[in-house]
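Pasted below: my_file_23.txt, compact mmCIF, C-alpha atoms.
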# COMPACT_ATOMS: atom_id res chain seq x y z
CA MET A 27 174.59 123.00 93.60
CA LYS A 28 177.37 121.08 95.12
CA ILE A 29 175.41 117.90 94.97
CA PHE A 30 175.66 117.70 91.12
CA LYS A 31 179.37 118.64 91.01
CA SER A 32 180.63 115.48 92.69
CA LYS A 33 180.03 112.11 91.08
CA LYS A 34 178.78 110.79 94.39
CA GLY A 35 176.25 113.56 94.61
CA PHE A 36 175.04 112.95 91.07
CA ASP A 37 173.95 109.41 92.03
CA TRP A 38 171.88 110.81 94.84
CA GLY A 39 170.46 113.36 92.43
CA VAL A 40 168.99 110.67 90.18
CA LEU A 41 167.41 108.97 93.14
CA LEU A 42 166.08 112.30 94.33
CA ALA A 43 164.50 112.97 90.91
CA VAL A 44 162.74 109.60 91.06
CA LEU A 45 161.52 110.29 94.56
CA VAL A 46 160.23 113.75 93.64
CA VAL A 47 158.32 112.36 90.66
CA LEU A 48 156.83 109.55 92.74
CA VAL A 49 155.84 111.92 95.54
CA CYS A 50 154.27 114.33 93.05
CA LEU A 51 152.34 111.54 91.33
CA GLY A 52 151.23 110.13 94.68
CA PHE A 53 150.00 113.54 95.76
CA LEU A 54 148.17 113.99 92.46
CA PHE A 55 146.64 110.53 92.79
CA PHE A 56 145.29 111.22 96.26
CA GLN A 57 143.96 114.61 95.31
CA LEU A 58 142.15 113.33 92.22
CA ASN A 59 140.90 110.24 93.99
CA LYS A 60 139.50 112.41 96.75
CA LYS A 61 137.74 114.58 94.19
CA ILE A 62 136.18 111.69 92.29
CA GLY A 63 135.22 109.92 95.50
CA ASN A 64 133.64 113.08 96.80
CA PHE A 65 130.90 113.19 94.14
CA GLU A 66 127.74 113.01 96.21
CA TYR A 67 125.61 112.03 93.27
CA ASP A 68 126.08 110.89 89.72
CA ILE A 69 126.88 113.56 87.22
CA GLY A 70 123.64 114.80 85.65
CA ASP A 71 121.34 113.36 88.32
CA MET A 72 119.99 116.76 89.28
CA GLN A 73 119.59 117.87 85.66
CA ILE A 74 117.88 114.62 84.72
CA GLY A 75 115.53 115.10 87.67
CA LEU A 76 114.62 118.46 86.22
CA MET A 77 114.07 117.04 82.74
CA LEU A 78 112.00 114.14 84.06
CA THR A 79 109.83 116.69 85.86
CA GLN A 80 109.42 118.58 82.62
CA HIS A 81 108.35 115.35 80.91
CA SER A 82 105.92 114.69 83.72
CA ALA A 83 104.47 118.16 83.06
CA ASP A 84 104.29 117.29 79.36
CA ARG A 85 102.23 114.21 80.16
CA MET A 86 99.90 116.35 82.24
CA LEU A 87 99.54 118.82 79.40
CA PHE A 88 98.76 115.97 77.03
CA TYR A 89 96.05 114.73 79.40
CA LEU A 90 94.76 118.30 79.59
CA ASP A 91 94.64 118.72 75.79
CA GLN A 92 92.70 115.49 75.36
CA SER A 93 90.37 116.28 78.27
CA ALA A 94 89.71 119.78 76.98
CA LYS A 95 88.84 118.42 73.55
CA TYR A 96 86.43 115.84 74.97
CA SER A 97 84.96 118.41 77.36
CA ALA A 98 84.27 120.87 74.54
CA HIS A 99 82.59 118.17 72.47
CA ALA A 100 80.51 116.99 75.42
CA SER A 101 79.62 120.59 76.19
CA ALA A 102 78.37 121.17 72.63
CA TYR A 103 75.98 118.22 73.03
CA SER A 104 74.90 119.20 76.51
CA LEU A 105 74.31 122.81 75.51
CA ALA A 106 72.18 121.73 72.54
CA TYR A 107 70.23 119.25 74.67
CA ASN A 108 69.48 121.97 77.22
CA GLY A 109 68.45 124.49 74.55
CA GLY A 110 71.46 126.72 75.17
CA PHE A 111 71.13 126.69 78.95
CA THR A 112 73.26 124.90 81.51
CA SER A 113 70.20 122.76 82.35
CA THR A 114 66.62 122.59 81.18
CA ALA A 115 65.44 123.96 84.51
CA ALA A 116 67.66 127.02 84.14
CA SER A 117 65.55 128.52 81.35
CA CYS A 118 63.02 131.27 82.10
CA GLY A 119 60.11 129.02 81.18
CA GLY A 120 61.54 126.09 83.14
CA ASP A 121 61.62 122.42 82.17
CA VAL A 122 58.58 121.16 80.28
CA GLN A 123 58.72 117.54 79.17
CA GLY A 124 62.54 117.67 79.23
CA TYR A 125 62.77 120.79 77.04
CA SER A 126 64.07 124.22 78.02
CA VAL A 127 61.27 126.69 77.45
CA TRP A 128 62.40 129.99 76.00
CA ASN A 129 59.43 132.05 77.10
CA THR A 130 56.75 132.18 79.76
CA CYS A 131 53.04 131.66 79.33
CA LYS A 132 52.41 135.02 80.96
CA ASP A 133 54.31 136.83 78.26
CA PRO A 134 54.82 134.42 75.33
CA GLU A 135 56.22 136.96 72.92
CA ASN A 136 59.06 137.86 75.25
CA ILE A 137 61.83 135.36 74.35
CA CYS A 138 64.49 134.79 76.99
CA PHE A 139 67.43 133.89 74.79
CA PRO A 140 70.20 132.05 76.65
CA ASN A 141 73.67 133.46 77.02
CA ILE A 142 75.14 130.81 74.74
CA PHE A 143 78.86 131.44 75.20
CA ASP A 144 78.61 131.92 78.92
CA ASN A 145 76.65 128.70 79.35
CA PHE A 146 78.97 126.83 77.01
CA ASN A 147 81.94 127.92 79.11
CA LYS A 148 80.21 126.86 82.32
CA ILE A 149 79.40 123.39 80.97
CA THR A 150 82.90 122.97 79.54
CA ASN A 151 84.38 123.96 82.88
CA THR A 152 82.22 121.39 84.68
CA GLU A 153 83.18 118.68 82.21
CA LEU A 154 86.86 119.56 82.52
CA ASN A 155 86.63 119.52 86.31
CA ASN A 156 85.23 115.98 86.08
CA TYR A 157 88.24 114.87 84.05
CA PHE A 158 90.52 116.55 86.60
CA ALA A 159 88.75 114.74 89.45
CA ASP A 160 89.29 111.42 87.66
CA TYR A 161 92.97 112.26 87.24
CA ALA A 162 93.36 113.28 90.87
CA ALA A 163 91.99 109.88 91.92
CA ILE A 164 95.04 108.17 90.39
CA PRO A 165 97.62 107.39 93.09
CA ASN A 166 100.58 109.82 93.23
CA ALA A 167 99.13 111.99 90.48
CA GLN A 168 99.82 115.71 90.61
CA PRO A 169 96.34 117.29 90.67
CA PHE A 170 95.11 119.87 88.17
CA ILE A 171 93.60 123.11 89.44
CA LYS A 172 89.82 123.27 89.16
CA ASP A 173 87.95 126.30 87.76
CA ASN A 174 91.24 127.63 86.43
CA TYR A 175 90.34 128.64 82.88
CA ILE A 176 89.08 131.48 80.76
CA PHE A 177 87.66 129.89 77.60
CA THR A 178 87.48 131.43 74.16
CA VAL A 179 86.20 129.81 70.99
CA HIS A 180 87.62 131.20 67.76
CA ASP A 181 89.06 130.04 64.43
CA ASN A 182 87.74 126.50 64.92
CA LYS A 183 89.64 126.18 68.17
CA ILE A 184 88.82 126.34 71.82
CA THR A 185 91.46 128.00 73.94
CA GLY A 186 91.66 127.73 77.69
CA THR A 187 93.89 130.33 79.28
CA ALA A 188 95.02 129.15 82.68
CA ILE A 189 94.74 131.59 85.55
CA LYS A 190 97.07 129.84 87.97
CA ASN A 191 100.22 127.87 87.31
CA ILE A 192 100.64 124.26 88.37
CA GLU A 193 103.61 123.76 90.65
CA MET A 194 105.39 120.52 91.42
CA ASN A 195 108.56 119.39 93.11
CA VAL A 196 111.43 118.64 90.81
CA ALA A 197 112.05 114.86 90.78
CA PRO A 198 114.38 114.24 93.73
CA TYR A 199 117.83 112.71 93.45
CA LYS A 200 119.26 110.49 96.15
CA PRO A 201 122.98 110.87 96.82
CA LYS A 202 124.23 108.52 99.51
CA GLY A 203 120.87 107.87 101.06
CA ALA A 204 119.85 111.51 101.44
CA ILE A 205 117.09 112.96 99.26
CA TYR A 206 117.49 116.35 97.67
CA SER A 207 115.17 118.27 95.40
CA ALA A 208 116.40 120.77 92.87
CA GLY A 209 113.44 123.02 93.71
CA ARG A 210 109.96 123.65 92.38
CA TYR A 211 108.81 123.43 88.77
CA SER A 212 106.02 125.73 87.67
CA PHE A 213 104.14 125.78 84.37
CA LYS A 214 101.02 127.42 82.95
CA PRO A 215 98.56 124.71 81.90
CA SER A 216 96.87 126.59 79.06
CA PHE A 217 95.58 124.75 76.00
CA SER A 218 94.27 125.31 72.50
CA VAL A 219 92.59 122.40 70.73
CA ASP A 220 90.54 121.92 67.56
CA PHE A 221 86.86 122.56 68.00
CA ASN A 222 84.82 123.11 64.87
CA TYR A 223 81.41 124.02 66.27
CA ASP A 224 79.02 126.61 64.84
CA PHE A 225 77.05 128.61 67.44
CA ASN A 226 75.16 130.58 64.79
CA LYS A 227 72.36 128.01 64.76
CA TYR A 228 71.26 129.31 68.16
CA PHE A 229 70.94 132.84 66.82
CA GLU A 230 68.91 131.59 63.85
CA LEU A 231 66.64 129.81 66.32
CA LYS A 232 66.25 132.99 68.33
CA ASP A 233 64.61 134.68 65.34
CA LEU A 234 62.49 131.61 64.61
CA ALA A 235 61.35 131.36 68.24
CA ALA A 236 60.31 135.01 68.26
CA ASP A 237 58.35 134.37 65.07
CA ILE A 238 56.64 131.29 66.47
CA ALA A 239 55.79 133.03 69.73
CA LYS A 240 53.75 135.53 67.76
CA CYS A 241 51.37 132.68 66.91
CA SER A 242 50.22 132.59 70.52
CA ASN A 243 47.78 135.44 70.65
CA LYS A 244 46.92 136.19 67.08
CA PHE A 245 44.79 133.20 66.32
CA PRO A 246 41.96 132.85 68.74
CA ILE A 247 40.34 130.15 66.59
CA PRO A 248 41.32 126.62 67.86
CA GLY A 249 43.82 124.88 65.57
CA GLU A 250 44.92 128.06 63.88
CA ARG A 251 47.94 128.64 66.11
CA GLU A 252 49.22 125.11 65.33
CA LYS A 253 48.89 125.89 61.63
CA CYS A 254 50.74 129.13 62.22
CA VAL A 255 53.55 127.31 64.01
CA LEU A 256 53.81 124.51 61.45
CA ALA A 257 54.09 127.05 58.67
CA LYS A 258 57.24 128.36 60.35
CA ALA A 259 58.61 125.11 61.77
CA PRO A 260 57.21 122.03 60.01
CA ALA A 261 58.96 119.58 62.36
CA ALA A 262 57.53 121.15 65.51
CA SER A 263 55.63 118.98 67.97
CA PHE A 264 52.90 120.05 70.37
CA ALA A 265 51.83 119.26 73.90
CA GLY A 266 49.11 121.35 75.41
CA ASP A 267 50.06 124.96 75.18
CA TYR A 268 53.64 124.19 74.30
CA VAL A 269 55.45 123.70 71.04
CA PHE A 270 58.76 121.84 70.91
CA LEU A 271 61.56 122.12 68.42
CA SER A 272 64.47 119.79 67.92
CA VAL A 273 66.94 121.15 65.39
CA GLU A 274 69.84 119.04 64.26
CA GLN A 275 73.30 120.48 63.61
CA PRO A 276 74.37 118.21 60.74
CA ASP A 277 77.67 119.98 60.11
CA TYR A 278 79.04 118.85 63.41
CA ALA A 279 79.79 115.39 64.72
CA SER A 280 81.74 114.61 67.80
CA LEU A 281 84.91 112.55 67.88
CA TYR A 282 83.11 109.80 69.73
CA SER A 283 79.54 110.11 68.43
CA LYS A 284 78.22 109.68 64.90
CA GLN A 285 75.05 111.55 65.81
CA PRO A 286 75.15 115.33 65.44
CA PRO A 287 73.82 117.36 68.36
CA LYS A 288 70.19 118.53 68.38
CA ILE A 289 69.18 121.87 69.84
CA ARG A 290 66.01 121.23 71.82
CA LEU A 291 63.74 124.02 72.97
CA GLY A 292 60.17 124.63 73.94
CA LEU A 293 57.88 127.64 73.61
CA CYS A 294 54.63 128.43 75.32
CA ILE A 295 51.97 129.45 72.82
CA LEU A 296 49.19 129.74 75.31
CA LEU A 297 46.01 131.07 73.79
CA LEU A 298 45.34 133.86 76.16
CA PRO A 299 41.66 134.73 76.70
CA VAL A 300 40.59 137.64 74.57
CA PRO A 301 39.81 140.45 76.92
CA LEU A 302 36.08 141.24 76.92
CA PRO A 303 34.98 144.73 75.84
CA PRO A 304 34.15 146.94 78.76
CA VAL A 305 30.51 146.62 79.89
CA PRO A 306 28.65 149.87 79.32
CA ALA A 307 27.32 151.39 82.44
CA ILE A 308 23.56 150.89 82.95
CA PRO A 309 21.89 154.20 83.23
CA THR A 310 20.05 154.47 86.44
CA LYS A 311 16.81 156.25 86.78
CA VAL A 312 16.86 159.11 89.01
CA PRO A 313 13.67 159.19 90.91
CA MET B 24 183.47 102.43 79.85
CA ASN B 25 184.62 102.37 83.43
CA LYS B 26 182.59 100.84 86.18
CA LYS B 27 181.48 104.11 87.73
CA ALA B 28 180.26 105.51 84.43
CA PHE B 29 178.34 102.31 83.82
CA ILE B 30 176.68 102.52 87.24
CA GLU B 31 175.80 106.14 86.58
CA ALA B 32 174.25 105.40 83.21
CA PHE B 33 172.45 102.38 84.61
CA SER B 34 171.05 104.33 87.57
CA VAL B 35 169.77 107.05 85.22
CA LEU B 36 168.15 104.38 83.06
CA ILE B 37 166.50 102.77 86.08
CA ALA B 38 165.30 106.18 87.24
CA VAL B 39 163.77 106.91 83.84
CA ALA B 40 162.13 103.46 83.82
CA ILE B 41 160.68 104.00 87.29
CA ILE B 42 159.37 107.42 86.35
CA ALA B 43 157.90 106.10 83.09
CA THR B 44 156.22 103.22 84.92
CA ALA B 45 154.84 105.59 87.52
CA PHE B 46 153.47 107.83 84.78
CA PHE B 47 152.00 104.85 82.97
CA ILE B 48 150.24 103.56 86.12
CA PHE B 49 148.94 107.02 86.90
CA TYR B 50 147.70 107.56 83.35
CA THR B 51 145.94 104.19 83.31
CA TRP B 52 144.28 104.81 86.65
CA TYR B 53 143.16 108.27 85.61
CA GLY B 54 141.87 106.95 82.29
CA PHE B 55 139.74 104.35 84.08
CA SER B 56 138.36 106.92 86.49
CA GLU B 57 137.36 109.16 83.63
CA LYS B 58 135.83 106.22 81.82
CA GLY B 59 133.78 105.48 84.90
CA ILE B 60 132.39 108.98 84.85
CA SER B 61 131.70 108.84 81.12
CA PHE B 62 129.91 105.54 81.59
CA LYS B 63 127.62 107.08 84.15
CA ILE B 64 126.83 109.92 81.79
CA ASN B 65 126.11 107.53 78.93
CA GLU B 66 123.97 105.36 81.16
CA LYS B 67 121.85 108.31 82.26
CA THR B 68 121.56 109.56 78.70
CA ALA B 69 120.34 106.14 77.56
CA ASP B 70 117.75 106.12 80.34
CA PHE B 71 116.60 109.56 79.41
CA LYS B 72 116.55 109.25 75.64
CA ASP B 73 113.05 109.10 74.13
CA SER B 74 111.40 109.24 77.52
CA ASN B 75 108.57 111.19 75.92
CA ALA B 76 108.16 108.89 72.94
CA LEU B 77 104.77 107.63 74.09
CA VAL B 78 103.25 111.10 74.42
CA SER B 79 104.72 112.03 71.03
CA LEU B 80 103.14 108.94 69.52
CA LEU B 81 99.72 109.47 71.11
CA SER B 82 99.55 113.12 70.13
CA THR B 83 100.38 112.44 66.49
CA PRO B 84 97.58 114.01 64.44
CA VAL B 85 95.46 111.80 62.19
CA GLY B 86 93.08 114.08 60.30
CA ASN B 87 91.22 116.09 62.93
CA MET B 88 91.98 113.44 65.55
CA THR B 89 95.05 112.09 67.29
CA ILE B 90 96.25 108.52 67.75
CA ALA B 91 95.01 108.80 71.34
CA ASP B 92 91.51 109.56 70.00
CA LEU B 93 91.68 106.50 67.74
CA ILE B 94 92.62 104.33 70.71
CA VAL B 95 89.93 105.57 73.11
CA THR B 96 87.24 105.31 70.43
CA SER B 97 88.42 101.77 69.54
CA ASN B 98 88.91 102.89 65.97
CA PRO B 99 90.28 99.96 63.90
CA ASP B 100 92.67 102.35 62.11
CA ALA B 101 94.58 102.76 65.37
CA ILE B 102 96.77 99.68 64.89
CA ILE B 103 97.99 100.49 61.40
CA THR B 104 98.47 104.17 62.25
CA ILE B 105 100.58 103.29 65.28
CA GLU B 106 102.66 100.89 63.21
CA ASN B 107 103.25 103.42 60.43
CA THR B 108 104.14 106.19 62.86
CA LEU B 109 106.58 104.09 64.89
CA ARG B 110 108.19 102.59 61.79
CA SER B 111 108.68 105.98 60.18
CA THR B 112 110.14 107.42 63.40
CA TYR B 113 112.35 104.58 64.63
CA GLY B 114 112.86 102.38 61.58
CA PRO B 115 111.57 98.97 60.52
CA LEU B 116 113.46 96.96 63.16
CA LEU B 117 111.58 98.45 66.07
CA LYS B 118 109.56 96.02 68.17
CA TYR B 119 106.84 97.24 70.48
CA LYS B 120 103.85 96.40 72.57
CA ILE B 121 101.19 98.92 73.59
CA THR B 122 98.52 98.16 76.16
CA MET B 123 95.61 100.12 77.58
CA ASP B 124 94.64 99.05 81.10
CA GLY B 125 96.27 95.69 80.39
CA ASN B 126 94.52 95.11 77.07
CA ILE B 127 96.77 94.93 74.03
CA VAL B 128 96.22 97.81 71.63
CA ALA B 129 99.03 97.07 69.19
CA GLU B 130 102.12 94.87 69.13
CA THR B 131 104.69 93.43 66.80
CA SER B 132 104.90 89.69 66.19
CA GLN B 133 108.12 89.59 68.22
CA LEU B 134 108.52 91.44 71.46
CA PRO B 135 111.65 93.54 72.09
CA GLN B 136 114.55 91.88 73.93
CA LEU B 137 115.93 95.18 75.20
CA SER B 138 113.09 97.53 75.77
CA THR B 139 112.22 100.87 77.26
CA LYS B 140 108.94 101.04 79.12
CA GLN B 141 106.89 104.20 79.24
CA GLU B 142 103.44 104.95 80.53
CA THR B 143 100.97 107.78 80.60
CA ILE B 144 97.37 108.45 81.56
CA LEU B 145 94.74 109.00 78.88
CA PRO B 146 91.29 110.50 79.44
CA VAL B 147 88.44 108.39 78.09
CA PRO B 148 85.00 109.95 77.47
CA PHE B 149 82.32 108.67 79.86
CA LYS B 150 84.83 106.35 81.57
CA LYS B 151 87.66 106.50 84.04
CA PRO B 152 91.12 107.44 82.69
CA ALA B 153 93.12 104.61 81.18
CA LYS B 154 96.77 103.77 81.69
CA ILE B 155 98.67 103.36 78.43
CA ILE B 156 101.94 101.43 78.58
CA MET B 157 104.35 101.14 75.71
CA GLU B 158 107.34 98.81 75.66
CA PHE B 159 109.60 99.34 72.70
CA GLY B 160 113.09 98.47 71.64
CA ILE B 161 114.97 96.00 69.49
Represent the structure contained in this file as C-alpha cells.
Amino acid sequence: MKIFKSKKGFDWGVLLAVLVVLVCLGFLFFQLNKKIGNFEYDIGDMQIGLMLTQHSADRMLFYLDQSAKYSAHASAYSLAYNGGFTSTAASCGGDVQGYSVWNTCKDPENICFPNIFDNFNKITNTELNNYFADYAAIPNAQPFIKDNYIFTVHDNKITGTAIKNIEMNVAPYKPKGAIYSAGRYSFKPSFSVDFNYDFNKYFELKDLAADIAKCSNKFPIPGEREKCVLAKAPAASFAGDYVFLSVEQPDYASLYSKQPPKIRLGLCILLLPVPLPPVPAIPTKVP
Amino acid sequence: MNKKAFIEAFSVLIAVAIIATAFFIFYTWYGFSEKGISFKINEKTADFKDSNALVSLLSTPVGNMTIADLIVTSNPDAIITIENTLRSTYGPLLKYKITMDGNIVAETSQLPQLSTKQETILPVPFKKPAKIIMEFGI
C-alpha cells in the first residue's frame, strides 16, 4: 500500500474514502428506490381484498340466518293452515271449503295423515327460495343457491345443511390500472337458527281424526253423528258431510305475528247407506 | 503544527463531515420512505377496522330475537337497544345514524364528523329486502 506511505498519497486516500462512501450510498439509494418504486400495489391490498370478501360472505350468511328464521316461521303457519300438507289440494280428500280433508268419503275411517316433516321442509325450502330470489334481484348481489338445503328440526332449532358451497371472486385489487383477483372464495352456507315449534300437535290430531271418522258409519240416525263428533271435538263445525277442525297452537307465536298458528283440517263423515239385507229367493213352482 | 499536517487534519475532518452528511441524508430519505409505507398500512387498517360492525350490531341477540328482528318488525324497543349496544361496544362518545331504505331507524342528536359508512341487506317478511346503512364515528 504505497499510497498510504507517502504523505501525498495519504491525501488522495482520504478523498478516495469519501468517494467510496458516496458511491456506496448512491448505489444503495438507487437500489432501495427501485425496490420501493417497484411495488405494484399497496402493501396489504391483496390481503384486504380477501378479508373484504370474507366480510361480504358474512353479510350473506347474516341474510341467510334471518331469511331461514322467517322462512321457518312462515312455514309453521302455512303448514298449519294447510292441515299438514303443502297445500289444501294436496290432501287425499282434496280441498273442501279451504280445508285439507284427511280422509275420503269412500273410506272415511282410513285417515291419510300427512308427512309433516317432509311437507314442512318443502314449504320452508319454497319460502327460503323466495327470499333468495329477492336477494338476487338486488344489483351486483352474489346469488344464493336454490334448493340447496337438508333441513332438520331439533333442540328448538332448525338447521339447514348446505349441499353446495357458494363461490365468489375475491375482491380485486387494482395496481397501476390493471385488475387482479387473488382467486376464488368458497364457503358452505349452512345455518342453525332458533325455532321453537312443537309438531306433536299434529300427531295428537291424527288420533282425534281417527276417532271422529268412526262417527261416520256407526250412527245411521240423523243428528247422531254430529253429537258423536261434538263429544270428541266440541269446537268442530259442520258443512254437509264434512266436519272441520281448527286447532290453535297457543304455545307458539311467530316473531312477526301475535296470533298463534291454527291447524285446520276437514274430515268426511258421510253417512253411508246401510246395505240392505239380501232378498230371499222366491221359490218358483215347478209345474 | 506545520502547514502540511494542518491540511491533512483538515482534509480528514472534511471527509468525515461529507461522509456524515451523506449518511444523514440517506438515513432521512430512507426514514421517509419507510414512513410512507407505514402510512399506507395504517390507512388500510383504518379502512378495514370494524367493517363488520353493522352485521355484529344487527345480529346481537335480544331475548329470542335479534336487533334486526326488532327493526323489521318496527318494534319500539329497537332504538334503545341499538343505543345501549353501540354505547357498550364503542363508548359514550360514539355518534351514529342508522337508516332502513332511507328512513331513519336510530340516530344520535349530533351526527359524526368523521364517520365510517357500512351497509347490508336485511330480509323483511312479506316485503322486499331492505338496505340498512349505518354511519358511525366521532
*Write out as a list in words each polymer residue whose atoms come within 9 Å of Ser132 of chain B, counting only C-alpha atoms; drop sequence neighbours fewer than 2 positions from it.*
Lys118, Tyr119, Glu130 and Leu134 of chain B
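Between atom CA of Met72 of chain A and atom CA of Met194 of chain A the separation is 15.2 Å.
When atom CA of Ile184 of chain A is paired with atom CA of Pro84 of chain B, their separation reads 16.8 Å.
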Protein and nucleic acid residues near (82.9, 134.5, 72.4) (cut-off 10 Å, all atoms listed in the file) as a tab-separated table (two decimals) with C-alpha atoms, keeping the file's coordinate frame:
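So the final result, stored in part-v6.tsv, reads:
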chain	number	residue	atom	x	y	z
A	142	ILE	CA	75.14	130.81	74.74
A	143	PHE	CA	78.86	131.44	75.20
A	144	ASP	CA	78.61	131.92	78.92
A	146	PHE	CA	78.97	126.83	77.01
A	147	ASN	CA	81.94	127.92	79.11
A	177	PHE	CA	87.66	129.89	77.60
A	178	THR	CA	87.48	131.43	74.16
A	179	VAL	CA	86.20	129.81	70.99
A	180	HIS	CA	87.62	131.20	67.76
A	225	PHE	CA	77.05	128.61	67.44
_Please identify all residues of chain A having at least one atom at most 9 Å from any atom of chain B, considering only C-alpha atoms, and return them as number ranges by chain._
A: 33, 36-37, 40-41, 43-45, 47-48, 51-52, 54-55, 58-59, 62, 68-71, 74, 77-78, 81-82, 84-86, 88-90, 92-93, 96-97, 100, 157, 160-161, 164, 220, 281-282
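Using only C-alpha atoms, the shortest contact distance between Pro99 of chain B and any of B:Ile161, B:Gly86, B:Thr122, B:Ala129 is found at B:Ala129.
Put simply, atom CA of Met157 of chain B is 29.5 Å away from atom CA of Gly186 of chain A.
Around Tyr107 of chain A, within 6 Å and counting only C-alpha atoms, the residues found are Ser104, Leu105, Gly109, Ile289 and Arg290 of chain A, once anything fewer than 2 positions away on its own chain is removed.
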*Using all atoms listed in the file, determine which residues lie at most 7 Å from segment 233-242 of chain A, disregarding the query and same-chain residues fewer than 4 positions distant; provide the list as a list in words.*
Pro134, Glu135, Ile137, Phe229, Arg251, Cys254, Val255, Lys258, Leu293, Ile295, Leu296 and Leu297 of chain A
Given 5 Å of margin on each side, can you work out the centre and size in Å (one decimal) of an axis-aligned box holding every listed atom of segment 283-293 of chain A, as JSON?
{"center_x": 68.7, "center_y": 118.7, "center_z": 69.4, "size_x": 31.7, "size_y": 28.0, "size_z": 19.0}
